[in-house]
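**Q** Structure file work.cif (mmCIF, C-alpha atoms) right here:
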data_upload
#
loop_
_atom_site.label_atom_id
_atom_site.label_comp_id
_atom_site.auth_asym_id
_atom_site.auth_seq_id
_atom_site.Cartn_x
_atom_site.Cartn_y
_atom_site.Cartn_z
CA MET I 1 -52.93 85.42 -27.15
CA GLN I 2 -53.78 87.13 -30.44
CA LYS I 3 -56.54 85.51 -32.43
CA THR I 4 -55.71 84.19 -35.90
CA LYS I 5 -57.65 86.08 -38.55
CA ARG I 6 -60.29 83.89 -40.18
CA LEU I 7 -59.85 83.21 -43.89
CA VAL I 8 -63.09 84.78 -45.12
CA PRO I 9 -63.90 87.56 -47.61
CA GLN I 10 -65.08 91.05 -46.67
CA LEU I 11 -68.34 90.63 -48.55
CA ARG I 12 -70.18 87.34 -48.35
CA PHE I 13 -73.61 85.79 -48.73
CA PRO I 14 -74.89 85.33 -45.14
CA VAL I 15 -75.86 81.69 -45.68
CA PHE I 16 -72.15 80.75 -45.82
CA GLN I 17 -70.12 80.65 -42.61
CA ASP I 18 -67.26 78.18 -43.22
CA GLU I 19 -63.69 79.38 -43.50
CA TRP I 20 -62.12 79.33 -46.98
CA GLU I 21 -59.36 76.87 -47.88
CA ASN I 22 -55.92 77.95 -49.04
CA SER I 23 -53.83 76.01 -51.54
CA GLU I 24 -51.19 76.41 -54.24
CA PHE I 25 -52.62 77.28 -57.63
CA ARG I 26 -51.38 74.00 -59.20
CA ASN I 27 -53.61 72.12 -56.74
CA ILE I 28 -56.75 74.03 -57.63
CA ALA I 29 -56.32 74.66 -61.36
CA LYS I 30 -54.44 73.08 -64.24
CA ARG I 31 -53.36 73.96 -67.75
CA ARG I 32 -54.74 72.04 -70.70
CA LYS I 33 -51.77 70.69 -72.62
CA ASP I 34 -53.53 69.39 -75.73
CA ARG I 35 -51.50 70.54 -78.73
CA PHE I 36 -52.89 71.62 -82.05
CA ASN I 37 -51.99 69.37 -85.00
CA PRO I 38 -53.00 70.99 -88.31
CA LYS I 39 -52.91 67.60 -90.07
CA ASP I 40 -55.60 66.21 -87.80
CA SER I 41 -57.75 69.34 -87.60
CA ASN I 42 -60.24 71.26 -89.68
CA GLU I 43 -58.29 74.22 -91.01
CA ASN I 44 -61.44 76.35 -90.81
CA GLN I 45 -62.00 75.83 -87.11
CA PRO I 46 -62.00 79.07 -85.11
CA CYS I 47 -58.70 80.09 -83.59
CA ILE I 48 -57.94 82.82 -81.10
CA GLU I 49 -54.90 85.10 -81.00
CA LEU I 50 -54.05 87.29 -77.99
CA GLU I 51 -55.61 90.32 -79.67
CA CYS I 52 -58.99 88.57 -79.73
CA LEU I 53 -59.31 88.47 -75.95
CA SER I 54 -61.02 91.22 -73.97
CA GLN I 55 -59.46 92.89 -70.95
CA GLU I 56 -62.50 93.80 -68.86
CA THR I 57 -65.62 91.97 -70.00
CA GLY I 58 -64.57 88.52 -71.13
CA PHE I 59 -65.75 89.40 -74.62
CA LEU I 60 -64.23 87.61 -77.58
CA LEU I 61 -63.26 90.39 -79.96
CA GLY I 62 -62.83 88.18 -83.00
CA THR I 63 -61.74 84.80 -84.32
CA LEU I 64 -59.43 83.72 -87.13
CA ASN I 65 -59.13 80.84 -89.54
CA SER I 66 -56.59 78.39 -88.12
CA LYS I 67 -54.89 77.85 -91.49
CA ASP I 68 -51.30 79.13 -91.59
CA GLN I 69 -51.49 80.54 -88.08
CA LYS I 70 -47.95 79.72 -86.92
CA SER I 71 -48.55 80.81 -83.33
CA ILE I 72 -51.53 78.48 -82.93
CA LYS I 73 -50.46 75.55 -80.77
CA ASN I 74 -53.07 74.96 -78.06
CA VAL I 75 -56.48 73.31 -78.19
CA PHE I 76 -59.38 74.43 -76.00
CA VAL I 77 -62.95 73.22 -75.52
CA LYS I 78 -66.14 74.88 -74.42
CA ASN I 79 -66.03 76.25 -70.83
CA ASP I 80 -62.21 76.37 -70.74
CA ILE I 81 -60.77 79.61 -69.36
CA LEU I 82 -58.33 81.45 -71.62
CA PHE I 83 -55.78 83.89 -70.18
CA GLY I 84 -53.23 85.93 -72.12
CA LYS I 85 -49.78 85.32 -70.64
CA LEU I 86 -47.72 87.74 -72.76
CA ARG I 87 -47.42 91.40 -71.89
CA PRO I 88 -49.05 93.73 -72.97
CA TYR I 89 -51.89 91.19 -73.13
CA LEU I 90 -51.75 90.15 -69.49
CA LYS I 91 -55.15 90.51 -67.84
CA LYS I 92 -56.93 89.57 -71.08
CA PHE I 93 -59.30 86.65 -70.67
CA TYR I 94 -62.22 84.73 -72.12
CA LYS I 95 -64.50 81.89 -71.05
CA ALA I 96 -64.81 79.74 -74.16
CA ASP I 97 -68.31 79.04 -75.45
CA PHE I 98 -67.10 76.85 -78.33
CA ASP I 99 -64.31 74.40 -79.15
CA GLY I 100 -61.28 75.79 -80.96
CA VAL I 101 -57.53 76.40 -81.03
CA CYS I 102 -55.53 79.31 -79.72
CA SER I 103 -52.16 81.03 -79.60
CA SER I 104 -49.39 79.40 -77.61
CA GLU I 105 -49.23 82.69 -75.69
CA ILE I 106 -52.62 81.92 -74.12
CA TRP I 107 -53.02 79.71 -71.07
CA VAL I 108 -55.92 77.27 -71.31
CA LEU I 109 -57.07 76.74 -67.72
CA ASN I 110 -59.44 74.38 -65.93
CA GLY I 111 -60.47 74.16 -62.32
CA VAL I 112 -59.48 71.15 -60.16
CA LYS I 113 -60.95 72.16 -56.83
CA LEU I 114 -62.58 75.14 -58.49
CA GLU I 115 -65.63 75.49 -60.67
CA ASN I 116 -64.51 76.92 -64.00
CA GLU I 117 -66.89 79.86 -63.52
CA PHE I 118 -65.24 80.67 -60.18
CA LEU I 119 -61.77 80.29 -61.73
CA TYR I 120 -62.86 82.73 -64.45
CA TYR I 121 -63.40 85.42 -61.81
CA LEU I 122 -60.37 84.43 -59.71
CA ILE I 123 -58.03 85.27 -62.63
CA GLN I 124 -59.59 88.74 -62.74
CA THR I 125 -58.76 89.55 -59.11
CA ASP I 126 -56.07 92.02 -58.11
CA LYS I 127 -54.11 89.29 -56.33
CA PHE I 128 -53.89 87.01 -59.36
CA ASN I 129 -52.91 89.85 -61.66
CA TYR I 130 -50.37 91.15 -59.15
CA GLU I 131 -48.69 87.75 -59.05
CA VAL I 132 -48.75 87.47 -62.85
CA ASN I 133 -47.03 90.85 -63.10
CA GLN I 134 -44.21 89.65 -60.82
CA THR I 135 -43.03 87.22 -63.49
CA SER I 136 -41.57 89.82 -65.85
CA GLY I 137 -37.91 90.24 -66.62
CA SER I 138 -37.35 90.08 -70.37
CA LYS I 139 -38.02 92.26 -73.39
CA MET I 140 -41.29 90.38 -73.96
CA PRO I 141 -42.24 89.32 -70.41
CA ARG I 142 -44.51 86.33 -70.06
CA ALA I 143 -46.38 85.00 -67.07
CA ASP I 144 -44.35 82.13 -65.58
CA TRP I 145 -46.49 79.06 -64.89
CA ASN I 146 -43.95 77.59 -62.49
CA TYR I 147 -44.08 80.77 -60.41
CA ILE I 148 -47.87 81.14 -60.51
CA SER I 149 -48.46 77.44 -59.78
CA GLU I 150 -46.72 77.80 -56.39
CA ILE I 151 -48.70 80.85 -55.26
CA LYS I 152 -51.42 80.11 -52.74
CA PHE I 153 -55.00 81.21 -53.43
CA SER I 154 -58.07 80.93 -51.25
CA PHE I 155 -61.36 79.35 -52.26
CA PRO I 156 -64.68 78.36 -50.64
CA SER I 157 -66.94 75.35 -50.98
CA ILE I 158 -68.26 74.42 -54.42
CA ARG I 159 -71.70 75.70 -53.44
CA GLU I 160 -70.33 79.12 -52.45
CA GLN I 161 -68.16 79.21 -55.59
CA GLN I 162 -71.28 78.69 -57.68
CA LYS I 163 -73.16 81.42 -55.82
CA ILE I 164 -70.31 83.95 -56.25
CA ALA I 165 -69.91 83.10 -59.93
CA GLU I 166 -73.65 83.34 -60.52
CA PHE I 167 -73.79 86.78 -58.90
CA LEU I 168 -70.76 88.14 -60.79
CA THR I 169 -72.03 86.68 -64.07
CA ALA I 170 -75.19 88.75 -63.68
CA ILE I 171 -73.01 91.87 -63.37
CA GLU I 172 -70.91 90.87 -66.38
CA THR I 173 -74.04 90.13 -68.42
CA ARG I 174 -75.14 93.68 -67.65
CA ILE I 175 -71.79 95.02 -68.92
CA GLN I 176 -72.03 92.95 -72.09
CA SER I 177 -75.63 94.07 -72.67
CA LEU I 178 -74.65 97.73 -72.31
CA THR I 179 -71.62 97.19 -74.55
CA LYS I 180 -73.88 95.71 -77.24
CA LYS I 181 -76.28 98.62 -76.85
CA LYS I 182 -73.41 101.07 -77.33
CA SER I 183 -72.23 99.17 -80.41
CA LEU I 184 -75.73 99.24 -81.92
CA LEU I 185 -76.02 103.00 -81.31
CA GLU I 186 -72.64 103.55 -82.97
CA GLU I 187 -73.70 101.39 -85.91
CA TYR I 188 -76.95 103.36 -86.18
CA LYS I 189 -75.03 106.65 -86.15
CA ARG I 190 -72.73 105.46 -88.93
CA GLY I 191 -75.68 104.31 -91.02
CA VAL I 192 -77.64 107.52 -90.54
CA LEU I 193 -74.59 109.63 -91.37
CA GLN I 194 -74.13 107.78 -94.65
CA GLN I 195 -77.81 108.31 -95.50
CA ILE I 196 -77.47 112.01 -94.72
CA LEU I 197 -74.32 112.35 -96.84
CA ARG I 198 -76.02 110.51 -99.73
CA GLN I 199 -78.96 112.86 -99.13
CA GLU I 200 -81.35 109.97 -98.67
CA ILE I 201 -82.30 111.78 -95.45
CA ARG I 202 -82.89 115.52 -95.83
CA PHE I 203 -83.71 118.15 -93.22
CA LYS I 204 -86.00 121.12 -93.86
CA HIS I 205 -86.60 124.58 -92.49
CA ASP I 206 -88.99 124.72 -89.55
CA ASN I 207 -91.64 126.01 -91.97
CA GLY I 208 -91.20 122.92 -94.18
CA VAL I 209 -89.23 124.63 -96.97
CA ALA I 210 -86.34 122.58 -98.38
CA PHE I 211 -82.77 123.73 -97.85
CA PRO I 212 -80.56 124.57 -100.85
CA LYS I 213 -78.84 121.75 -102.70
CA TRP I 214 -75.54 120.57 -101.34
CA GLU I 215 -72.39 121.51 -103.18
CA LYS I 216 -68.97 119.96 -103.68
CA ARG I 217 -66.96 122.30 -101.52
CA LYS I 218 -63.18 122.48 -101.24
CA PHE I 219 -61.98 122.13 -97.68
CA SER I 220 -60.03 125.38 -98.05
CA ASP I 221 -63.43 127.12 -98.43
CA VAL I 222 -64.83 125.69 -95.19
CA LEU I 223 -61.74 125.23 -93.01
CA PHE I 224 -59.45 128.14 -92.22
CA GLU I 225 -55.91 127.94 -90.85
CA HIS I 226 -55.43 130.66 -88.23
CA LYS I 227 -51.80 129.68 -87.35
CA LEU I 228 -52.15 130.81 -83.72
CA LYS I 229 -49.37 129.80 -81.32
CA SER I 230 -49.13 129.25 -77.57
CA THR I 231 -49.49 132.27 -75.31
CA GLY I 232 -47.99 130.36 -72.38
CA ASN I 233 -51.34 130.02 -70.63
CA GLU I 234 -52.68 126.91 -72.39
CA GLU I 235 -52.26 123.28 -71.31
CA VAL I 236 -50.67 120.71 -73.61
CA HIS I 237 -53.16 118.28 -75.14
CA SER I 238 -52.97 115.10 -77.20
CA VAL I 239 -55.39 113.80 -79.81
CA SER I 240 -56.75 110.29 -79.28
CA VAL I 241 -58.77 108.04 -81.58
CA HIS I 242 -61.35 107.28 -78.89
CA LYS I 243 -61.08 110.26 -76.52
CA GLY I 244 -60.53 113.05 -79.06
CA VAL I 245 -58.65 116.10 -77.81
CA ILE I 246 -57.55 115.31 -74.26
CA ASN I 247 -55.12 116.68 -71.69
CA GLN I 248 -51.79 114.94 -72.31
CA ILE I 249 -51.10 114.13 -68.66
CA GLU I 250 -54.62 112.76 -68.18
CA HIS I 251 -54.27 110.66 -71.33
CA LEU I 252 -50.66 109.45 -71.14
CA GLY I 253 -49.84 109.84 -67.45
CA ARG I 254 -47.22 112.51 -68.02
CA SER I 255 -46.33 115.30 -70.43
CA PHE I 256 -44.21 114.48 -73.49
CA SER I 257 -44.04 118.08 -74.68
CA ALA I 258 -40.87 120.07 -75.23
CA LYS I 259 -39.57 122.23 -72.39
CA ASN I 260 -40.36 125.32 -74.44
CA THR I 261 -43.84 125.17 -75.96
CA ASP I 262 -43.88 128.66 -77.47
CA HIS I 263 -43.95 127.14 -80.97
CA TYR I 264 -46.87 124.79 -80.19
CA SER I 265 -50.08 125.29 -82.17
CA ARG I 266 -53.05 126.77 -80.37
CA ALA I 267 -56.39 125.05 -80.94
CA LEU I 268 -59.56 126.99 -80.25
CA PRO I 269 -62.83 125.39 -79.14
CA ASN I 270 -64.48 123.62 -82.13
CA ASP I 271 -61.31 123.72 -84.28
CA ILE I 272 -60.58 120.76 -86.53
CA ILE I 273 -57.22 119.07 -85.85
CA TYR I 274 -55.40 116.74 -88.23
CA THR I 275 -52.65 114.75 -86.48
CA LYS I 276 -50.54 113.66 -89.48
CA SER I 277 -49.30 110.57 -87.64
CA PRO I 278 -50.29 106.89 -88.01
CA THR I 279 -52.43 105.51 -85.18
CA GLY I 280 -53.90 101.99 -85.11
CA ASP I 281 -56.68 101.71 -87.68
CA PHE I 282 -55.80 105.20 -88.94
CA PRO I 283 -52.46 104.77 -90.77
CA LEU I 284 -52.82 108.20 -92.39
CA GLY I 285 -53.61 110.09 -89.18
CA ILE I 286 -56.80 111.11 -87.40
CA ILE I 287 -59.07 114.13 -87.78
CA LYS I 288 -60.94 115.39 -84.72
CA GLN I 289 -62.86 118.44 -83.58
CA ASN I 290 -61.66 120.12 -80.40
CA HIS I 291 -64.51 119.77 -77.89
CA ILE I 292 -62.52 121.34 -75.03
CA LYS I 293 -64.20 124.60 -73.99
CA GLU I 294 -61.00 126.60 -73.70
CA ASP I 295 -57.95 127.14 -75.89
CA VAL I 296 -55.34 124.35 -75.73
CA ILE I 297 -51.96 123.75 -77.34
CA ILE I 298 -50.94 120.71 -79.35
CA SER I 299 -47.97 119.44 -81.33
CA PRO I 300 -46.75 121.97 -83.93
CA LEU I 301 -46.71 119.08 -86.43
CA TYR I 302 -50.51 118.93 -86.46
CA GLY I 303 -52.80 120.92 -88.72
CA VAL I 304 -55.30 123.18 -86.94
CA PHE I 305 -58.28 124.73 -88.75
CA THR I 306 -61.35 126.73 -87.75
CA PRO I 307 -64.49 125.43 -89.51
CA GLU I 308 -67.03 127.64 -91.27
CA THR I 309 -69.40 126.82 -88.40
CA LYS I 310 -68.90 124.68 -85.32
CA GLU I 311 -71.78 122.55 -86.61
CA LEU I 312 -70.05 121.82 -89.91
CA GLY I 313 -66.95 121.00 -87.87
CA TYR I 314 -68.99 118.50 -85.89
CA ILE I 315 -70.29 116.86 -89.09
CA LEU I 316 -66.71 116.45 -90.31
CA HIS I 317 -65.69 115.16 -86.87
CA VAL I 318 -68.32 112.40 -87.05
CA TYR I 319 -67.50 111.65 -90.70
CA PHE I 320 -63.81 111.14 -89.93
CA GLU I 321 -64.50 108.83 -86.99
CA SER I 322 -64.56 106.15 -89.68
CA PRO I 323 -61.16 104.71 -90.70
CA ILE I 324 -62.55 104.09 -94.20
CA ASN I 325 -63.78 107.66 -94.64
CA THR I 326 -60.47 109.02 -93.35
CA SER I 327 -58.47 106.81 -95.70
CA ASN I 328 -60.70 107.67 -98.68
CA TYR I 329 -60.10 111.38 -98.16
CA LEU I 330 -56.37 111.25 -97.37
CA SER I 331 -54.95 108.38 -99.43
CA SER I 332 -54.74 110.26 -102.75
CA ILE I 333 -53.01 113.34 -101.29
CA ILE I 334 -50.47 111.79 -98.92
CA GLN I 335 -46.96 110.65 -99.64
CA LYS I 336 -45.44 108.14 -97.24
CA GLY I 337 -41.85 108.94 -96.36
CA ALA I 338 -39.04 106.94 -94.79
CA LYS I 339 -39.97 105.02 -91.64
CA ASN I 340 -43.66 105.31 -92.57
CA THR I 341 -43.77 109.07 -91.95
CA ILE I 342 -46.65 111.06 -93.42
CA ASN I 343 -45.74 113.87 -95.80
CA ILE I 344 -48.58 116.32 -96.36
CA THR I 345 -48.81 120.09 -96.05
CA ASN I 346 -51.80 121.88 -94.58
CA THR I 347 -52.49 123.38 -98.00
CA THR I 348 -52.63 119.91 -99.53
CA PHE I 349 -54.90 118.69 -96.74
CA LEU I 350 -57.37 121.44 -97.65
CA SER I 351 -57.16 120.84 -101.41
CA LYS I 352 -59.85 118.18 -101.89
CA LYS I 353 -63.60 118.61 -102.27
CA MET I 354 -66.48 116.96 -100.48
CA LEU I 355 -70.25 117.20 -100.96
CA LEU I 356 -71.41 119.34 -98.03
CA PRO I 357 -74.47 121.34 -96.95
CA VAL I 358 -74.37 125.04 -97.85
CA SER I 359 -77.05 126.27 -95.46
CA LYS I 360 -75.73 127.00 -91.99
CA GLU I 361 -79.18 126.25 -90.60
CA GLU I 362 -79.10 122.81 -92.18
CA GLN I 363 -75.59 122.25 -90.83
CA ALA I 364 -76.96 123.00 -87.36
CA LYS I 365 -79.89 120.61 -87.75
CA ILE I 366 -77.62 117.79 -88.90
CA ALA I 367 -75.07 118.42 -86.14
CA ASN I 368 -77.78 118.57 -83.46
CA PHE I 369 -79.24 115.28 -84.72
CA LEU I 370 -75.84 113.54 -84.65
CA SER I 371 -74.97 115.11 -81.30
CA ALA I 372 -78.16 113.72 -79.77
CA ILE I 373 -77.06 110.21 -80.77
CA ASP I 374 -73.58 110.86 -79.38
CA LYS I 375 -75.09 111.92 -76.05
CA LYS I 376 -76.96 108.61 -75.87
CA ILE I 377 -73.73 106.75 -76.63
CA GLU I 378 -71.91 108.78 -73.97
CA LEU I 379 -74.62 107.97 -71.41
CA VAL I 380 -74.36 104.24 -72.13
CA ASP I 381 -70.57 104.46 -71.97
CA LYS I 382 -70.81 106.01 -68.49
CA GLN I 383 -73.14 103.21 -67.42
CA ILE I 384 -70.60 100.67 -68.70
CA GLU I 385 -67.74 102.29 -66.78
CA LYS I 386 -69.86 102.57 -63.62
CA THR I 387 -70.81 98.88 -63.82
CA LYS I 388 -67.18 97.88 -64.46
CA THR I 389 -66.11 99.83 -61.39
CA TYR I 390 -68.84 98.11 -59.36
CA LYS I 391 -67.67 94.70 -60.60
CA LYS I 392 -64.05 95.52 -59.76
CA GLY I 393 -65.07 96.46 -56.23
CA LEU I 394 -66.96 93.18 -55.85
CA LEU I 395 -63.93 91.21 -57.03
CA GLN I 396 -61.84 92.88 -54.32
CA GLN I 397 -64.39 92.20 -51.58
CA MET I 398 -65.77 88.77 -52.51
CA PHE I 399 -62.38 87.05 -52.79
CA VAL I 400 -59.76 86.52 -50.10
#
Just give me the structure of the file as structure tokens.
**A**
Amino acid sequence: MQKTKRLVPQLRFPVFQDEWENSEFRNIAKRRKDRFNPKDSNENQPCIELECLSQETGFLLGTLNSKDQKSIKNVFVKNDILFGKLRPYLKKFYKADFDGVCSSEIWVLNGVKLENEFLYYLIQTDKFNYEVNQTSGSKMPRADWNYISEIKFSFPSIREQQKIAEFLTAIETRIQSLTKKKSLLEEYKRGVLQQILRQEIRFKHDNGVAFPKWEKRKFSDVLFEHKLKSTGNEEVHSVSVHKGVINQIEHLGRSFSAKNTDHYSRALPNDIIYTKSPTGDFPLGIIKQNHIKEDVIISPLYGVFTPETKELGYILHVYFESPINTSNYLSSIIQKGAKNTINITNTTFLSKKMLLPVSKEEQAKIANFLSAIDKKIELVDKQIEKTKTYKKGLLQQMFV
């Protein structure tokens, strides 16, 4: 006779030996059904929309004033577990550390046979998210409580739940600490860049002699349009706000290019690319330097320019990482067309002036300084991704 497989996780603290229980979700967790009544509430209390939830760390990305928030219908209290039920916000979550109100598209969950901390990690498991994804079927698919409530999930004793949650919380605290460190480095870089551009921080020759004064320089004097096209040997790339110039298949999962790419623009290493298309916080387009080490091709709608020096290109790349800086430069020279299209020629893009360093040696010193900060940010970012991967592996192995 074949032995029945014991209901235990792959990875477990050795002190625990008992088999896990198995029960429908409605028996181990419940939804809070307290409704928000604006007449009885402080209109300034914090409220949470779907966009405020984090997808991987449990971070709260922001809060809103509850006044006039039509989608706010649910009340939550400290230690409640919030879970976004509307795609594309499925898999977004947060463990509340304050009382507030939230969107009706957010489940407010509490454990029955589960500690809330254990429930918080259960909703992050592959099994839970797989079941949530089975409930689609409309233009705006939502997780179906009736479906989820009947799915069986496994759980251990309260003591083991606490131990698992404590261990995973230590990992998540590490992710949050690294995320804060990255944010502080990015904030420092932005602050230093502004000081450099205002010339409150100045670099000097190695012998201590000051560099020449900066000048207001027209972009057409420092950026040059080479108008090179595809040779047929380059790979198609996209331009992303966060990833910069990146292989289109790697970024989007497949190629969206035309069958014939002979007319696509060729971008050389260190070229500046202006996308001329609205993207998130950049409604007037994004401006990035190509950090790929070989020639690539991109949409023929984009502007491609070789900078006076790669270092000056890097300074502009960092400057235009800011949505405010990008808007300040572009807003006065862009005309918005029908359907929010951006109408601007490459000549117009190059027509404005900006106070910039004249000395190529100073450009190099500034770029090297900013690049050193970026390398630190990149290192922290890799640590974050490595820790997230480790946490994901633990979630797969520590739950049944």
**Q** For the file shown, what are the residues hit by the PyMOL selection byres ((chain I and resi 246) around 12), laid out as a PyMOL selection string?
**A** chain I and resi 235-245+247-253+255+267+288-298
**Q** Might you spell out which residues the PyMOL selection byres ((chain I and resi 318-322) around 9) would select in the displayed file, as a list in words?
**A**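 That selection, the PyMOL selection byres ((chain I and resi 318-322) around 9), comes back as Lys189, Arg190, Leu193, Gln194, Val241, His242, Phe282, Ile286, Ile287, Lys288, Gln289, Gly313, Tyr314, Ile315, Leu316, His317, Pro323, Ile324, Asn325, Thr326, Ser327 and Leu370 of chain I.
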**Q** Step by step, work through what the PyMOL selection byres ((chain I and resi 76) around 10) selects in the shown file, and finish by giving those residues as an mmCIF file with C-alpha atoms, in the coordinates of the input.
**A**
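What landed in selection_32.cif:
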data_model
loop_
_atom_site.group_PDB
_atom_site.id
_atom_site.type_symbol
_atom_site.label_atom_id
_atom_site.label_comp_id
_atom_site.auth_asym_id
_atom_site.auth_seq_id
_atom_site.Cartn_x
_atom_site.Cartn_y
_atom_site.Cartn_z
ATOM 1 C CA ARG I 32 -54.740 72.040 -70.700
ATOM 2 C CA LYS I 33 -51.770 70.690 -72.620
ATOM 3 C CA ASP I 34 -53.530 69.390 -75.730
ATOM 4 C CA ARG I 35 -51.500 70.540 -78.730
ATOM 5 C CA PHE I 36 -52.890 71.620 -82.050
ATOM 6 C CA CYS I 47 -58.700 80.090 -83.590
ATOM 7 C CA ILE I 48 -57.940 82.820 -81.100
ATOM 8 C CA ASN I 74 -53.070 74.960 -78.060
ATOM 9 C CA VAL I 75 -56.480 73.310 -78.190
ATOM 10 C CA VAL I 77 -62.950 73.220 -75.520
ATOM 11 C CA LYS I 78 -66.140 74.880 -74.420
ATOM 12 C CA ASN I 79 -66.030 76.250 -70.830
ATOM 13 C CA ASP I 80 -62.210 76.370 -70.740
ATOM 14 C CA ILE I 81 -60.770 79.610 -69.360
ATOM 15 C CA LEU I 82 -58.330 81.450 -71.620
ATOM 16 C CA ALA I 96 -64.810 79.740 -74.160
ATOM 17 C CA PHE I 98 -67.100 76.850 -78.330
ATOM 18 C CA ASP I 99 -64.310 74.400 -79.150
ATOM 19 C CA GLY I 100 -61.280 75.790 -80.960
ATOM 20 C CA VAL I 101 -57.530 76.400 -81.030
ATOM 21 C CA CYS I 102 -55.530 79.310 -79.720
ATOM 22 C CA TRP I 107 -53.020 79.710 -71.070
ATOM 23 C CA VAL I 108 -55.920 77.270 -71.310
ATOM 24 C CA LEU I 109 -57.070 76.740 -67.720
#
**Q** Tell me, in Å to one decimal, how far CA of Gly393 (chain I) is from CA of Lys92 (chain I).
**A**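 Interatomic distance, CA of Gly393 (chain I) to CA of Lys92 (chain I): 18.3 Å.
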**Q** I'd like the interatomic distance between CA of Asn207 (chain I) and CA of Glu362 (chain I), to a tenth of an Å.
**A**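 Interatomic distance here is 12.9 Å.
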**Q** Which residues are close to Gln124 (chain I), i.e. within 10 Å by all atoms listed in the file, leaving aside same-chain residues fewer than 6 positions away? Reply as a PyMOL selection string.
**A** chain I and resi 55-58+83+91-93+392+395-396
**Q** So the first atom is CA of Ala372 (chain I) and the second is CA of Ser183 (chain I); what is the distance between them in Å, to one decimal place?
**A**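 A separation of 15.7 Å between them.
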**Q** Using all atoms listed in the file, list the residues that have an atom at most 9 Å from (-75.0, 121.7, -94.6), coordinates as in the file, as a PDB file with C-alpha atoms, in the frame of the given file.
**A**
ATOM      1  CA  PHE I 211     -82.770 123.730 -97.850  1.00  0.00           C
ATOM      2  CA  PRO I 212     -80.560 124.570-100.850  1.00  0.00           C
ATOM      3  CA  LYS I 213     -78.840 121.750-102.700  1.00  0.00           C
ATOM      4  CA  TRP I 214     -75.540 120.570-101.340  1.00  0.00           C
ATOM      5  CA  GLU I 215     -72.390 121.510-103.180  1.00  0.00           C
ATOM      6  CA  GLU I 311     -71.780 122.550 -86.610  1.00  0.00           C
ATOM      7  CA  LEU I 312     -70.050 121.820 -89.910  1.00  0.00           C
ATOM      8  CA  ILE I 315     -70.290 116.860 -89.090  1.00  0.00           C
ATOM      9  CA  LEU I 356     -71.410 119.340 -98.030  1.00  0.00           C
ATOM     10  CA  PRO I 357     -74.470 121.340 -96.950  1.00  0.00           C
ATOM     11  CA  VAL I 358     -74.370 125.040 -97.850  1.00  0.00           C
ATOM     12  CA  SER I 359     -77.050 126.270 -95.460  1.00  0.00           C
ATOM     13  CA  LYS I 360     -75.730 127.000 -91.990  1.00  0.00           C
ATOM     14  CA  GLU I 361     -79.180 126.250 -90.600  1.00  0.00           C
ATOM     15  CA  GLU I 362     -79.100 122.810 -92.180  1.00  0.00           C
ATOM     16  CA  GLN I 363     -75.590 122.250 -90.830  1.00  0.00           C
ATOM     17  CA  ALA I 364     -76.960 123.000 -87.360  1.00  0.00           C
ATOM     18  CA  LYS I 365     -79.890 120.610 -87.750  1.00  0.00           C
ATOM     19  CA  ILE I 366     -77.620 117.790 -88.900  1.00  0.00           C
TER      20      ILE I 366
END
**Q** Taking all atoms of region 390-399 of chain I that the file lists, what box with edges along x, y and z, padded by 5 Å per side, do you get, with centre and edge lengths in Å to one decimal, as lines of an AutoDock Vina configuration file?
**A**
center_x = -65.3
center_y = 92.6
center_z = -56.1
size_x = 17.0
size_y = 21.1
size_z = 19.0
**Q** Check the smallest atom-to-atom distance from each of I:Gly84, I:Glu150, I:Val112, I:Glu105 to Phe25 (chain I) using all atoms listed in the file, then report the winner.
**A** I:Glu150
**Q** As a PDB file, in the coordinates of the input, could you write out region 274-282 of chain I once it has been completed with N, CA and C atoms?
**A**
ATOM      1  N   TYR I 274     -55.875 117.905 -87.488  1.00  0.00           N
ATOM      2  CA  TYR I 274     -55.400 116.740 -88.230  1.00  0.00           C
ATOM      3  C   TYR I 274     -54.021 116.368 -87.701  1.00  0.00           C
ATOM      4  N   THR I 275     -53.867 115.124 -87.204  1.00  0.00           N
ATOM      5  CA  THR I 275     -52.650 114.750 -86.480  1.00  0.00           C
ATOM      6  C   THR I 275     -51.442 114.427 -87.341  1.00  0.00           C
ATOM      7  N   LYS I 276     -51.647 113.996 -88.563  1.00  0.00           N
ATOM      8  CA  LYS I 276     -50.540 113.660 -89.480  1.00  0.00           C
ATOM      9  C   LYS I 276     -49.599 112.597 -88.930  1.00  0.00           C
ATOM     10  N   SER I 277     -50.122 111.670 -88.160  1.00  0.00           N
ATOM     11  CA  SER I 277     -49.300 110.570 -87.640  1.00  0.00           C
ATOM     12  C   SER I 277     -50.136 109.289 -87.595  1.00  0.00           C
ATOM     13  N   PRO I 278     -49.536 108.151 -87.993  1.00  0.00           N
ATOM     14  CA  PRO I 278     -50.290 106.890 -88.010  1.00  0.00           C
ATOM     15  C   PRO I 278     -50.689 106.444 -86.620  1.00  0.00           C
ATOM     16  N   THR I 279     -51.927 105.970 -86.473  1.00  0.00           N
ATOM     17  CA  THR I 279     -52.430 105.510 -85.180  1.00  0.00           C
ATOM     18  C   THR I 279     -53.405 104.359 -85.404  1.00  0.00           C
ATOM     19  N   GLY I 280     -53.005 103.144 -85.048  1.00  0.00           N
ATOM     20  CA  GLY I 280     -53.900 101.990 -85.110  1.00  0.00           C
ATOM     21  C   GLY I 280     -54.566 101.816 -86.453  1.00  0.00           C
ATOM     22  N   ASP I 281     -55.907 101.887 -86.447  1.00  0.00           N
ATOM     23  CA  ASP I 281     -56.680 101.710 -87.680  1.00  0.00           C
ATOM     24  C   ASP I 281     -56.639 102.932 -88.584  1.00  0.00           C
ATOM     25  N   PHE I 282     -55.903 103.955 -88.175  1.00  0.00           N
ATOM     26  CA  PHE I 282     -55.800 105.200 -88.940  1.00  0.00           C
ATOM     27  C   PHE I 282     -54.346 105.422 -89.368  1.00  0.00           C
TER      28      PHE I 282
END
